[in-house]
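The data block below is structure.txt; it holds compact mmCIF, C-alpha atoms.
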# COMPACT_ATOMS: atom_id res chain seq x y z
CA THR A 97 18.44 108.53 48.96
CA LEU A 98 16.83 105.60 50.78
CA SER A 99 13.84 107.82 51.58
CA CYS A 100 13.44 108.68 47.90
CA VAL A 101 13.59 105.01 46.94
CA ILE A 102 10.94 104.13 49.53
CA MET A 103 8.67 106.96 48.35
CA TRP A 104 9.19 105.94 44.72
CA GLY A 105 8.47 102.31 45.54
CA THR A 106 5.39 103.23 47.54
CA SER A 107 4.15 105.32 44.59
CA ILE A 108 4.48 102.37 42.24
CA TYR A 109 2.75 100.12 44.77
CA GLU A 110 -0.11 102.59 45.17
CA LYS A 111 -0.53 102.88 41.39
CA ARG A 112 -0.66 99.10 41.05
CA GLU A 113 -3.17 98.87 43.88
CA VAL A 114 -5.41 101.51 42.27
CA LYS A 115 -5.18 99.67 38.95
CA MET A 116 -6.10 96.34 40.56
CA LYS A 117 -9.08 97.89 42.33
CA LYS A 118 -10.30 99.36 39.04
CA MET A 119 -9.99 96.01 37.33
CA GLU A 120 -11.80 94.23 40.19
CA LYS A 121 -14.67 96.71 39.94
CA ILE A 122 -14.84 96.27 36.18
CA GLU A 123 -14.81 92.47 36.43
CA ALA A 124 -17.56 92.51 39.08
CA TYR A 125 -19.77 94.94 37.16
CA VAL A 126 -19.48 93.09 33.85
CA SER A 127 -20.12 89.71 35.48
CA GLU A 128 -23.22 91.08 37.18
CA HIS A 129 -24.57 92.66 33.97
CA GLN A 130 -23.66 90.12 31.28
CA ILE A 131 -27.19 88.75 30.90
CA GLU A 132 -28.60 92.28 30.80
CA ALA A 133 -26.18 93.15 27.98
CA GLU A 134 -27.28 90.11 25.97
CA GLU A 135 -30.95 90.97 26.45
CA LEU A 136 -30.28 94.55 25.39
CA LEU A 137 -28.54 93.31 22.22
CA LEU A 138 -31.45 90.99 21.38
CA GLU A 139 -33.87 93.90 21.71
CA LEU A 140 -31.83 96.66 20.08
CA GLY A 141 -30.66 94.40 17.23
CA LYS A 142 -34.22 94.01 15.89
CA ILE A 143 -34.79 97.74 15.43
CA PRO A 144 -34.19 98.84 11.81
CA ALA A 145 -31.79 101.76 11.35
CA PRO A 146 -30.77 102.61 7.77
CA SER A 147 -28.49 105.63 7.47
CA HIS A 148 -30.56 108.83 7.69
CA GLN A 149 -33.47 106.79 9.11
CA GLU A 150 -32.22 105.99 12.59
CA GLU A 151 -35.16 107.55 14.47
CA LYS A 152 -36.48 104.33 16.05
CA ARG A 153 -33.11 103.24 17.38
CA ALA A 154 -32.25 106.76 18.51
CA GLU A 155 -35.48 107.02 20.50
CA TYR A 156 -34.89 103.60 22.06
CA VAL A 157 -31.33 104.47 23.11
CA GLN A 158 -32.40 107.84 24.52
CA GLN A 159 -35.18 106.31 26.63
CA TRP A 160 -32.90 103.51 27.82
CA LEU A 161 -30.23 105.96 29.00
CA LEU A 162 -32.83 108.07 30.78
CA SER A 163 -34.21 104.95 32.47
CA GLN A 164 -30.72 104.22 33.83
CA GLY A 165 -30.63 107.60 35.54
CA ALA A 166 -28.96 109.82 32.92
CA GLU A 167 -30.01 113.43 33.46
CA ASP A 168 -29.05 115.10 30.18
CA VAL A 169 -29.84 113.04 27.06
CA SER A 170 -31.08 114.54 23.80
CA ILE A 171 -31.37 113.76 20.10
CA ASP A 172 -29.90 116.45 17.85
CA ASP A 173 -30.88 117.44 14.30
CA ALA A 174 -28.47 114.82 12.87
CA LYS A 175 -30.27 112.08 14.87
CA ASN A 176 -27.36 111.60 17.26
CA VAL A 177 -28.26 110.52 20.78
CA ILE A 178 -26.08 112.63 23.10
CA CYS A 179 -25.62 111.90 26.80
CA ARG A 180 -23.75 114.72 28.54
CA ILE A 181 -22.00 114.15 31.87
CA GLY A 182 -19.99 116.92 33.52
CA LEU A 183 -20.01 119.29 30.56
CA GLU A 184 -20.95 122.25 32.76
CA GLU A 185 -18.18 121.49 35.21
CA TYR A 186 -15.41 120.86 32.67
CA ARG A 187 -14.55 122.66 29.46
CA ASP A 188 -12.40 119.82 28.07
CA ILE A 189 -14.30 116.67 27.11
CA VAL A 190 -13.74 113.10 25.93
CA VAL A 191 -16.10 111.55 23.38
CA PHE A 192 -17.17 107.90 23.51
CA MET A 193 -19.16 106.95 20.40
CA ALA A 194 -20.80 104.00 18.61
CA HIS A 195 -23.09 104.30 15.61
CA THR A 196 -26.77 103.37 15.46
CA ASP A 197 -27.10 102.96 11.68
CA ILE A 198 -26.58 99.71 9.76
CA VAL A 199 -25.73 99.22 6.11
CA PHE A 200 -29.08 97.67 5.10
CA PRO A 201 -32.14 99.68 3.95
CA ASP A 202 -34.72 97.59 5.88
CA THR A 203 -37.40 99.59 7.67
CA GLU A 204 -39.22 96.56 9.15
CA PRO A 205 -37.97 94.68 12.25
CA LEU A 206 -34.71 92.88 11.46
CA LYS A 207 -34.60 89.09 11.34
CA MET A 208 -32.54 87.57 14.12
CA ILE A 209 -31.39 83.97 14.62
CA LEU A 210 -29.66 82.56 17.71
CA GLU A 211 -27.67 79.36 17.18
CA GLY A 212 -25.88 78.33 20.34
CA ARG A 213 -23.94 81.42 21.37
CA LYS A 214 -23.83 82.88 17.86
CA LEU A 215 -26.34 85.65 17.16
CA TYR A 216 -27.08 86.29 13.48
CA ALA A 217 -28.70 89.53 12.27
CA PRO A 218 -27.98 92.33 9.78
CA GLY A 219 -25.69 94.89 11.39
CA ILE A 220 -25.46 92.93 14.65
CA GLY A 221 -21.70 93.44 14.90
CA ASP A 222 -21.46 96.57 12.79
CA ASP A 223 -22.30 98.27 14.98
CA THR A 224 -25.09 97.11 17.30
CA ALA A 225 -23.02 94.94 19.67
CA ASN A 226 -20.40 97.68 20.04
CA LEU A 227 -23.20 100.13 20.80
CA VAL A 228 -24.51 97.80 23.52
CA ASN A 229 -21.06 97.68 25.13
CA LEU A 230 -20.96 101.48 25.07
CA MET A 231 -24.44 101.75 26.60
CA MET A 232 -23.70 99.25 29.37
CA SER A 233 -20.43 101.03 30.22
CA ALA A 234 -22.24 104.36 30.23
CA LYS A 235 -24.68 102.85 32.73
CA TYR A 236 -21.81 102.26 35.16
CA VAL A 237 -20.70 105.90 34.94
CA ILE A 238 -24.27 107.20 35.21
CA GLN A 239 -25.13 105.15 38.28
CA ASN A 240 -21.79 105.06 40.13
CA LYS A 241 -20.90 108.70 39.45
CA PRO A 242 -17.10 108.42 39.60
CA LYS A 243 -15.17 111.68 39.90
CA LEU A 244 -14.39 112.76 36.34
CA LYS A 245 -11.15 114.30 35.09
CA LEU A 246 -13.00 115.98 32.22
CA GLY A 247 -16.48 116.05 30.72
CA PHE A 248 -17.96 112.91 29.14
CA LEU A 249 -19.89 113.03 25.87
CA ILE A 250 -21.45 109.60 25.23
CA VAL A 251 -22.89 109.45 21.71
CA ALA A 252 -24.97 106.92 19.77
CA ASN A 253 -24.36 108.55 16.41
CA SER A 254 -26.08 108.40 13.05
CA CYS A 255 -24.86 108.06 9.46
CA GLU A 256 -21.57 106.17 9.76
CA GLU A 257 -22.31 103.69 7.00
CA GLY A 258 -21.85 104.22 3.24
CA LEU A 259 -23.39 107.42 1.94
CA GLY A 260 -24.24 108.48 5.45
CA ASN A 261 -20.84 110.14 4.95
CA LEU A 262 -20.10 110.26 8.69
CA ASP A 263 -22.67 113.05 8.99
CA GLY A 264 -23.50 112.23 12.60
CA CYS A 265 -19.88 112.47 13.73
CA LYS A 266 -19.39 115.60 11.64
CA GLU A 267 -22.21 117.24 13.59
CA ILE A 268 -20.65 116.29 16.93
CA ILE A 269 -17.21 117.63 16.01
CA SER A 270 -18.75 120.75 14.48
CA THR A 271 -20.56 121.42 17.76
CA TYR A 272 -17.96 120.34 20.33
CA GLY A 273 -14.68 120.06 18.40
CA ASN A 274 -12.81 122.88 20.14
CA ARG A 275 -13.47 121.14 23.49
CA VAL A 276 -12.65 117.55 22.49
CA LYS A 277 -9.29 116.38 23.87
CA ALA A 278 -9.80 112.65 23.25
CA PHE A 279 -12.14 110.65 21.03
CA TYR A 280 -13.08 106.96 20.90
CA SER A 281 -15.31 105.25 18.36
CA PHE A 282 -16.33 101.67 19.16
CA ASP A 283 -16.73 99.89 15.85
CA GLY A 284 -15.51 96.67 14.25
CA TYR A 285 -14.21 93.49 15.85
CA LEU A 286 -11.93 92.69 18.78
CA SER A 287 -8.31 93.17 17.66
CA GLN A 288 -8.97 96.44 15.83
CA CYS A 289 -7.46 99.64 17.22
CA THR A 290 -6.83 102.19 14.51
CA SER A 291 -5.60 105.75 14.48
CA ILE A 292 -5.18 105.99 10.71
CA ALA A 293 -8.10 107.35 8.70
CA VAL A 294 -8.83 106.15 5.18
CA GLY A 295 -10.46 109.17 3.54
CA SER A 296 -12.50 109.02 0.35
CA HIS A 297 -14.23 111.20 -2.24
CA ARG A 298 -17.10 109.60 -4.16
CA TYR A 299 -18.65 110.92 -7.34
CA LYS A 300 -21.26 110.15 -9.94
CA ILE A 301 -19.98 111.32 -13.33
CA THR A 302 -22.57 111.61 -16.11
CA VAL A 303 -22.20 112.24 -19.85
CA LYS A 304 -25.17 113.46 -21.93
CA THR A 305 -25.32 113.80 -25.73
CA ALA A 306 -27.92 114.34 -28.46
CA GLY A 307 -27.73 110.63 -29.33
CA GLY A 308 -29.44 109.14 -32.37
CA HIS A 309 -29.69 106.11 -34.64
CA SER A 310 -26.64 103.87 -34.93
CA TRP A 311 -26.87 103.93 -38.79
CA LEU A 312 -28.32 107.32 -39.60
CA ASN A 313 -26.33 109.20 -36.96
CA PHE A 314 -23.10 107.25 -37.09
CA GLY A 315 -20.21 109.39 -35.86
CA ALA A 316 -22.34 111.51 -33.54
CA PRO A 317 -21.02 111.80 -29.94
CA ASN A 318 -21.81 108.59 -28.04
CA ALA A 319 -22.10 108.93 -24.26
CA ILE A 320 -20.81 105.40 -23.69
CA GLU A 321 -17.73 105.98 -25.84
CA ILE A 322 -17.01 109.30 -24.13
CA ILE A 323 -17.33 107.88 -20.65
CA SER A 324 -15.12 104.96 -21.70
CA ARG A 325 -12.40 107.45 -22.67
CA LEU A 326 -12.88 109.21 -19.37
CA ILE A 327 -12.40 105.95 -17.48
CA GLN A 328 -9.22 105.22 -19.44
CA CYS A 329 -7.81 108.63 -18.51
CA LEU A 330 -8.86 108.30 -14.87
CA TYR A 331 -7.00 104.99 -14.70
CA GLN A 332 -3.84 106.81 -15.76
CA MET A 333 -3.95 109.21 -12.81
CA ARG A 334 -0.69 109.68 -10.95
CA ILE A 335 -0.86 108.08 -7.52
CA PRO A 336 0.80 110.27 -4.86
CA LYS A 337 3.76 108.70 -3.12
CA GLU A 338 3.24 110.53 0.17
CA ALA A 339 0.64 107.99 1.43
CA LYS A 340 -1.27 104.94 0.23
CA THR A 341 -3.82 106.14 -2.31
CA THR A 342 -6.24 104.22 -4.54
CA TYR A 343 -8.98 104.89 -7.10
CA ASN A 344 -11.79 102.83 -8.58
CA VAL A 345 -14.73 102.89 -10.99
CA GLY A 346 -17.21 100.63 -9.26
CA TYR A 347 -20.35 100.96 -11.39
CA ILE A 348 -21.29 102.08 -14.93
CA GLU A 349 -24.62 102.37 -16.72
CA GLY A 350 -26.03 103.94 -19.88
CA GLY A 351 -27.44 103.56 -23.36
CA THR A 352 -30.76 102.25 -24.62
CA THR A 353 -30.21 99.35 -27.01
CA VAL A 354 -27.79 97.98 -29.57
CA ASN A 355 -28.85 100.26 -32.43
CA THR A 356 -28.76 103.63 -30.67
CA VAL A 357 -26.04 106.23 -30.23
CA ALA A 358 -26.18 106.48 -26.45
CA GLN A 359 -27.62 109.72 -25.12
CA GLU A 360 -26.51 109.18 -21.54
CA ALA A 361 -24.00 107.15 -19.54
CA SER A 362 -22.69 107.46 -16.00
CA MET A 363 -20.21 105.90 -13.60
CA LEU A 364 -19.51 105.86 -9.88
CA PHE A 365 -15.93 106.83 -9.16
CA GLU A 366 -14.02 107.07 -5.90
CA PHE A 367 -10.51 107.71 -4.72
CA ARG A 368 -9.16 106.94 -1.24
CA SER A 369 -6.11 107.87 0.80
CA THR A 370 -4.87 108.01 4.37
CA SER A 371 -3.69 111.57 3.64
CA GLN A 372 -5.94 114.58 3.27
CA LYS A 373 -3.26 116.21 1.10
CA CYS A 374 -3.26 113.23 -1.28
CA LEU A 375 -7.06 113.36 -1.53
CA GLU A 376 -6.76 116.98 -2.62
CA MET A 377 -4.15 116.02 -5.24
CA MET A 378 -6.45 113.33 -6.64
CA GLU A 379 -9.36 115.76 -6.69
CA LYS A 380 -7.36 118.19 -8.85
CA GLN A 381 -6.31 115.45 -11.26
CA MET A 382 -9.90 114.26 -11.66
CA THR A 383 -11.11 117.81 -12.30
CA ASP A 384 -8.38 118.43 -14.88
CA ILE A 385 -9.23 115.21 -16.74
CA ILE A 386 -12.93 116.05 -16.91
CA GLN A 387 -12.23 119.60 -18.08
CA SER A 388 -9.95 118.27 -20.84
CA HIS A 389 -12.87 116.30 -22.31
CA GLN A 390 -14.98 118.96 -23.98
CA GLY A 391 -17.14 118.70 -27.07
CA ASP A 392 -20.72 118.62 -28.34
CA PHE A 393 -21.92 117.00 -25.12
CA THR A 394 -22.07 117.72 -21.38
CA ILE A 395 -20.24 116.15 -18.48
CA THR A 396 -21.56 116.67 -14.96
CA THR A 397 -20.16 115.55 -11.63
CA GLU A 398 -22.25 114.91 -8.54
CA LEU A 399 -20.45 114.64 -5.22
CA LEU A 400 -21.94 111.64 -3.37
CA GLY A 401 -19.77 111.70 -0.30
CA VAL A 402 -16.59 112.91 1.36
CA ARG A 403 -14.72 111.20 4.16
CA PRO A 404 -11.58 113.10 5.15
CA GLY A 405 -8.24 111.44 5.76
CA ASN A 406 -5.70 112.25 8.47
CA GLY A 407 -5.10 115.98 8.72
CA GLU A 408 -2.35 117.95 10.44
CA ILE A 409 -1.87 116.11 13.72
CA ASP A 410 0.99 115.65 16.18
CA GLN A 411 2.10 112.16 15.20
CA LYS A 412 4.11 111.60 18.37
CA LYS A 413 1.13 112.44 20.57
CA LEU A 414 -1.16 110.30 18.40
CA GLU A 415 1.22 107.34 18.68
CA GLU A 416 1.43 107.73 22.48
CA TYR A 417 -2.37 108.02 22.68
CA THR A 418 -2.84 104.86 20.61
CA GLN A 419 -0.25 102.96 22.64
CA MET A 420 -2.16 103.92 25.78
CA SER A 421 -5.32 102.45 24.23
CA VAL A 422 -3.41 99.30 23.31
CA GLN A 423 -2.14 98.91 26.88
CA LEU A 424 -5.64 99.26 28.30
CA ILE A 425 -7.05 96.79 25.75
CA ARG A 426 -4.25 94.35 26.68
CA GLU A 427 -5.51 94.24 30.26
CA PHE A 428 -8.46 92.17 29.01
CA TYR A 429 -7.51 90.93 25.53
CA ASP A 430 -4.30 89.06 24.65
CA GLY A 431 -4.88 88.33 20.94
CA GLU A 432 -3.20 89.96 17.96
CA LEU A 433 -4.04 93.64 17.49
CA ASP A 434 -4.90 95.16 14.13
CA THR A 435 -3.71 98.77 13.91
CA ASP A 436 -4.15 99.16 10.14
CA ALA A 437 -5.96 102.06 8.47
CA TYR A 438 -9.78 102.04 8.29
CA SER A 439 -12.59 104.36 7.29
CA THR A 440 -14.56 105.07 10.49
CA ASP A 441 -16.07 107.89 12.52
CA SER A 442 -12.56 108.66 13.77
CA ASN A 443 -11.82 110.11 10.33
CA ILE A 444 -13.55 113.31 11.36
CA PRO A 445 -11.57 114.16 14.51
CA LEU A 446 -8.32 112.88 12.98
CA SER A 447 -8.81 115.18 9.99
CA GLN A 448 -8.98 118.11 12.42
CA GLY A 449 -5.98 117.22 14.54
CA ILE A 450 -7.93 115.61 17.40
CA LEU A 451 -6.51 112.46 19.01
CA ALA A 452 -8.81 109.57 18.08
CA ASN A 453 -8.97 105.78 18.02
CA THR A 454 -11.55 103.37 16.66
CA ILE A 455 -11.67 100.19 18.73
CA GLY A 456 -13.54 96.94 18.09
CA THR A 457 -15.16 95.20 21.06
CA VAL A 458 -16.79 91.96 19.85
CA VAL A 459 -15.93 88.71 18.08
CA GLY A 460 -17.86 88.14 14.88
CA ALA A 461 -17.71 88.01 11.10
CA LYS A 462 -19.41 88.72 7.76
CA ALA A 463 -20.04 92.41 8.33
CA HIS A 464 -22.20 94.06 5.63
CA THR A 465 -23.87 90.74 4.81
CA ARG A 466 -27.19 89.36 6.00
CA GLU A 467 -25.28 86.43 7.49
CA GLU A 468 -23.39 88.68 9.91
CA TRP A 469 -22.94 87.22 13.39
CA VAL A 470 -21.42 87.96 16.78
CA ASP A 471 -20.34 85.64 19.58
CA LEU A 472 -22.32 86.52 22.69
CA ASP A 473 -19.49 85.21 24.84
CA SER A 474 -17.30 88.07 23.55
CA LEU A 475 -19.58 90.81 24.89
CA PRO A 476 -18.06 90.80 28.41
CA THR A 477 -14.51 91.30 27.10
CA GLY A 478 -15.64 94.21 24.95
CA MET A 479 -17.61 95.77 27.80
CA LYS A 480 -14.54 95.58 30.05
CA ILE A 481 -12.44 97.35 27.41
CA VAL A 482 -14.94 100.17 26.95
CA LEU A 483 -15.41 100.62 30.69
CA ARG A 484 -11.65 100.54 31.29
CA LEU A 485 -11.14 103.33 28.76
CA MET A 486 -13.88 105.38 30.43
CA LEU A 487 -12.44 104.90 33.91
CA HIS A 488 -9.04 106.06 32.66
CA TYR A 489 -10.61 109.53 32.59
CA THR A 490 -11.92 109.35 36.16
CA GLU A 491 -10.49 109.51 39.67
CA GLU A 492 -12.09 106.12 40.41
CA LYS A 493 -10.30 104.45 43.31
In structure tokens, write the structure found in this file.
Amino acid sequence: TLSCVIMWGTSIYEKREVKMKKMEKIEAYVSEHQIEAEELLLELGKIPAPSHQEEKRAEYVQQWLLSQGAEDVSIDDAKNVICRIGLEEYRDIVVFMAHTDIVFPDTEPLKMILEGRKLYAPGIGDDTANLVNLMMSAKYVIQNKPKLKLGFLIVANSCEEGLGNLDGCKEIISTYGNRVKAFYSFDGYLSQCTSIAVGSHRYKITVKTAGGHSWLNFGAPNAIEIISRLIQCLYQMRIPKEAKTTYNVGYIEGGTTVNTVAQEASMLFEFRSTSQKCLEMMEKQMTDIIQSHQGDFTITTELLGVRPGNGEIDQKKLEEYTQMSVQLIREFYDGELDTDAYSTDSNIPLSQGILANTIGTVVGAKAHTREEWVDLDSLPTGMKIVLRLMLHYTEEK
């Protein structure tokens, strides 16, 4: 019995020693490369990257990774930059991802202002600074070549924002999904660690009529009136109780002037849920409402985007996976953690039963505004978190 206790105690000691050595290596690497990370952010943050137009950033990231010694880096048809490490040796892989696109349509170099340690620029936190932390952590793996436990797929992906519809991540999961055993998206601010996907369906609904003169053709079908009735009915939809679900008309337009019977009117409509099943229930209700409005006019629906919610997934395994992420984050960050639901690239793997977390790695604010900023002093903490997660999947001693 004493022998067993000694062996057990030695095992715990050895595990602690391995953990401390990992943390010492991480601390030393990040300290040595902090200035390099800041310079990379200042350079990368100026490169415009609207969704579907990420070519310039993608090319920059690809060349940077190759210059660090990466041997297998390519840009796929979806404009994802993919760095493959150990994929020939291992069938199972882990994905580490951060998106290149920003929410703004600018195609000229982005304006950047540095005030003290605050760096202001469009998209600088969402998601450029997180991408820098991913790139700098990838550099460690590329150059130090730790023994992997499974293959690494490091991705600077396209089309996360808005009507990019997560197309970049969809392409990755479509190509590698049956091999992916773990997935991490680095997005948002320090404190965020989510495993709950907010899915959404977005539509443009348009009504067209013959129209006419408000006096001479009084009583003729009016597109504005019809779409108003549609909105009223949509706002009476039954909300599923199985998971949080919402709906919204966010934009309407139509008509010509005060004395015309409107020929055309349209609205942008979305519904959201953390459950894929609830999204399907809302889809059916919307379709039924539109089909019930028939007359001497036409109603068309245009699907603008789909983001899936959580699919069939082992909740116990997902909770354990997320708690593991939380524990690793806690090694370097002791603030409050936000584990609420979000709409991120993790929606795609989560919808297909793949364990996934989206984790924020920087301090900042005002995402999706031109006043967005990040605190440069937060980059080291985020880099440590990303690198710690990577080294969890290695035999690094």
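For the atom pair formed by CA of Asp197 (chain A) and CA of Thr440 (chain A), the distance is 12.8 Å, given to one decimal.
CA of Pro476 (chain A) to CA of Lys462 (chain A) spans 20.8 Å [interatomic distance, one decimal].
Minimum atom-to-atom distances from A:Ala154, A:Met231, A:Leu472, A:Val294 to Gln372 (chain A) were compared using all atoms listed in the file, and the lowest value belongs to A:Val294.
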> So, counting all atoms listed in the file, which residue among A:Leu330, A:Pro218, A:Lys121, A:Val345 is closest to Gln381 (chain A)?
Replying inline: A:Leu330
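Each of A:Tyr438, A:Phe192, A:Tyr331, A:Tyr186 was checked against Ser291 (chain A) using only C-alpha atoms; the smallest atom-to-atom distance is that of A:Tyr438.
If you look at CA of Val177 (chain A) and CA of Phe428 (chain A), they are 28.2 Å away from each other.
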>> Residues within 10 Å of Glu338 (chain A), please, as a VMD selection string. Count all atoms listed in the file; anything in the same chain fewer than 3 positions from it doesn't count.
In response: chain A and resid 335 341 369 to 371 373 to 374
>> Please list as a VMD selection string every residue within 7 Å of Asp222 (chain A), counting only C-alpha atoms and excluding residues in the same chain fewer than 3 positions away.
In response: chain A and resid 198 219 283 to 284 463
Would you save the residues of that selection, restricted to C-alpha atoms, as a PDB file, keeping the file's coordinate frame?
ATOM      1  CA  ILE A 198     -26.580  99.710   9.760  1.00  0.00           C
ATOM      2  CA  GLY A 219     -25.690  94.890  11.390  1.00  0.00           C
ATOM      3  CA  ASP A 283     -16.730  99.890  15.850  1.00  0.00           C
ATOM      4  CA  GLY A 284     -15.510  96.670  14.250  1.00  0.00           C
ATOM      5  CA  ALA A 463     -20.040  92.410   8.330  1.00  0.00           C
TER       6      ALA A 463
END
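Distances here use all atoms listed in the file; by that measure, the residue among A:Ala133, A:Val357, A:Ile409, A:Leu244 closest to Tyr489 (chain A) is A:Leu244.
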> Once you count all atoms listed in the file, which residues end up no further than 12 Å from (-22.8, 102.5, -23.1) in the file's frame, shown as a ChimeraX atom specification?
Replying inline: /A:302-305,307,317-325,348-363
Output C-alpha atoms of each residue in that selection to a file, as a short mmCIF file (atom, residue, chain, number, x, y, z; two decimals), in the frame of the given file.
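The resulting selection_13.cif:
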data_model
loop_
_atom_site.label_atom_id
_atom_site.label_comp_id
_atom_site.auth_asym_id
_atom_site.auth_seq_id
_atom_site.Cartn_x
_atom_site.Cartn_y
_atom_site.Cartn_z
CA THR A 302 -22.57 111.61 -16.11
CA VAL A 303 -22.20 112.24 -19.85
CA LYS A 304 -25.17 113.46 -21.93
CA THR A 305 -25.32 113.80 -25.73
CA GLY A 307 -27.73 110.63 -29.33
CA PRO A 317 -21.02 111.80 -29.94
CA ASN A 318 -21.81 108.59 -28.04
CA ALA A 319 -22.10 108.93 -24.26
CA ILE A 320 -20.81 105.40 -23.69
CA GLU A 321 -17.73 105.98 -25.84
CA ILE A 322 -17.01 109.30 -24.13
CA ILE A 323 -17.33 107.88 -20.65
CA SER A 324 -15.12 104.96 -21.70
CA ARG A 325 -12.40 107.45 -22.67
CA ILE A 348 -21.29 102.08 -14.93
CA GLU A 349 -24.62 102.37 -16.72
CA GLY A 350 -26.03 103.94 -19.88
CA GLY A 351 -27.44 103.56 -23.36
CA THR A 352 -30.76 102.25 -24.62
CA THR A 353 -30.21 99.35 -27.01
CA VAL A 354 -27.79 97.98 -29.57
CA ASN A 355 -28.85 100.26 -32.43
CA THR A 356 -28.76 103.63 -30.67
CA VAL A 357 -26.04 106.23 -30.23
CA ALA A 358 -26.18 106.48 -26.45
CA GLN A 359 -27.62 109.72 -25.12
CA GLU A 360 -26.51 109.18 -21.54
CA ALA A 361 -24.00 107.15 -19.54
CA SER A 362 -22.69 107.46 -16.00
CA MET A 363 -20.21 105.90 -13.60
#
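Closest approach to Ile268 (chain A) among A:Leu227, A:Glu113, A:Pro445, A:Gly405: A:Pro445, based on only C-alpha atoms.
Comparing A:Leu230, A:Ile386, A:Val199, A:Ile171 by their smallest distance to Lys480 (chain A), the closest is A:Leu230 (using all atoms listed in the file).
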>> Counting only C-alpha atoms, find residues at most 10 Å from (-30.8, 105.6, 24.0) (file frame) and give them as a ChimeraX atom specification.
In response: /A:140,152-164,169-171,176-179,196,227,231,251-252
> Can you tell me, as a list in words, what residues are no more than 8 Å from Gln448 (chain A) when counting only C-alpha atoms, ignoring any on the same chain fewer than 6 positions away?
Replying inline: Asn406, Gly407, Glu408 and Ile409 of chain A
> Which neighbours of Glu135 (chain A) fall inside 12 Å, counting all atoms listed in the file, when residues of the same chain fewer than 3 positions from it are skipped, and could you give them as JSON, numbers by chain?
Replying inline: {"A": [129, 130, 131, 132, 138, 139, 140, 141, 142, 215, 225, 228, 232, 472, 475]}
> What lies within 8 Å of Glu256 (chain A) using all atoms listed in the file, ignoring chain neighbours under 3 positions off, as a PyMOL selection string?
Replying inline: chain A and resi 147+195+197+253+260-265+440-441
6 Å per side around region 423-429 of chain A: axis-aligned box centre and edge lengths, as AutoDock Vina command-line options:
--center_x -5.3 --center_y 95.1 --center_z 27.9 --size_x 18.3 --size_y 20.3 --size_z 16.7
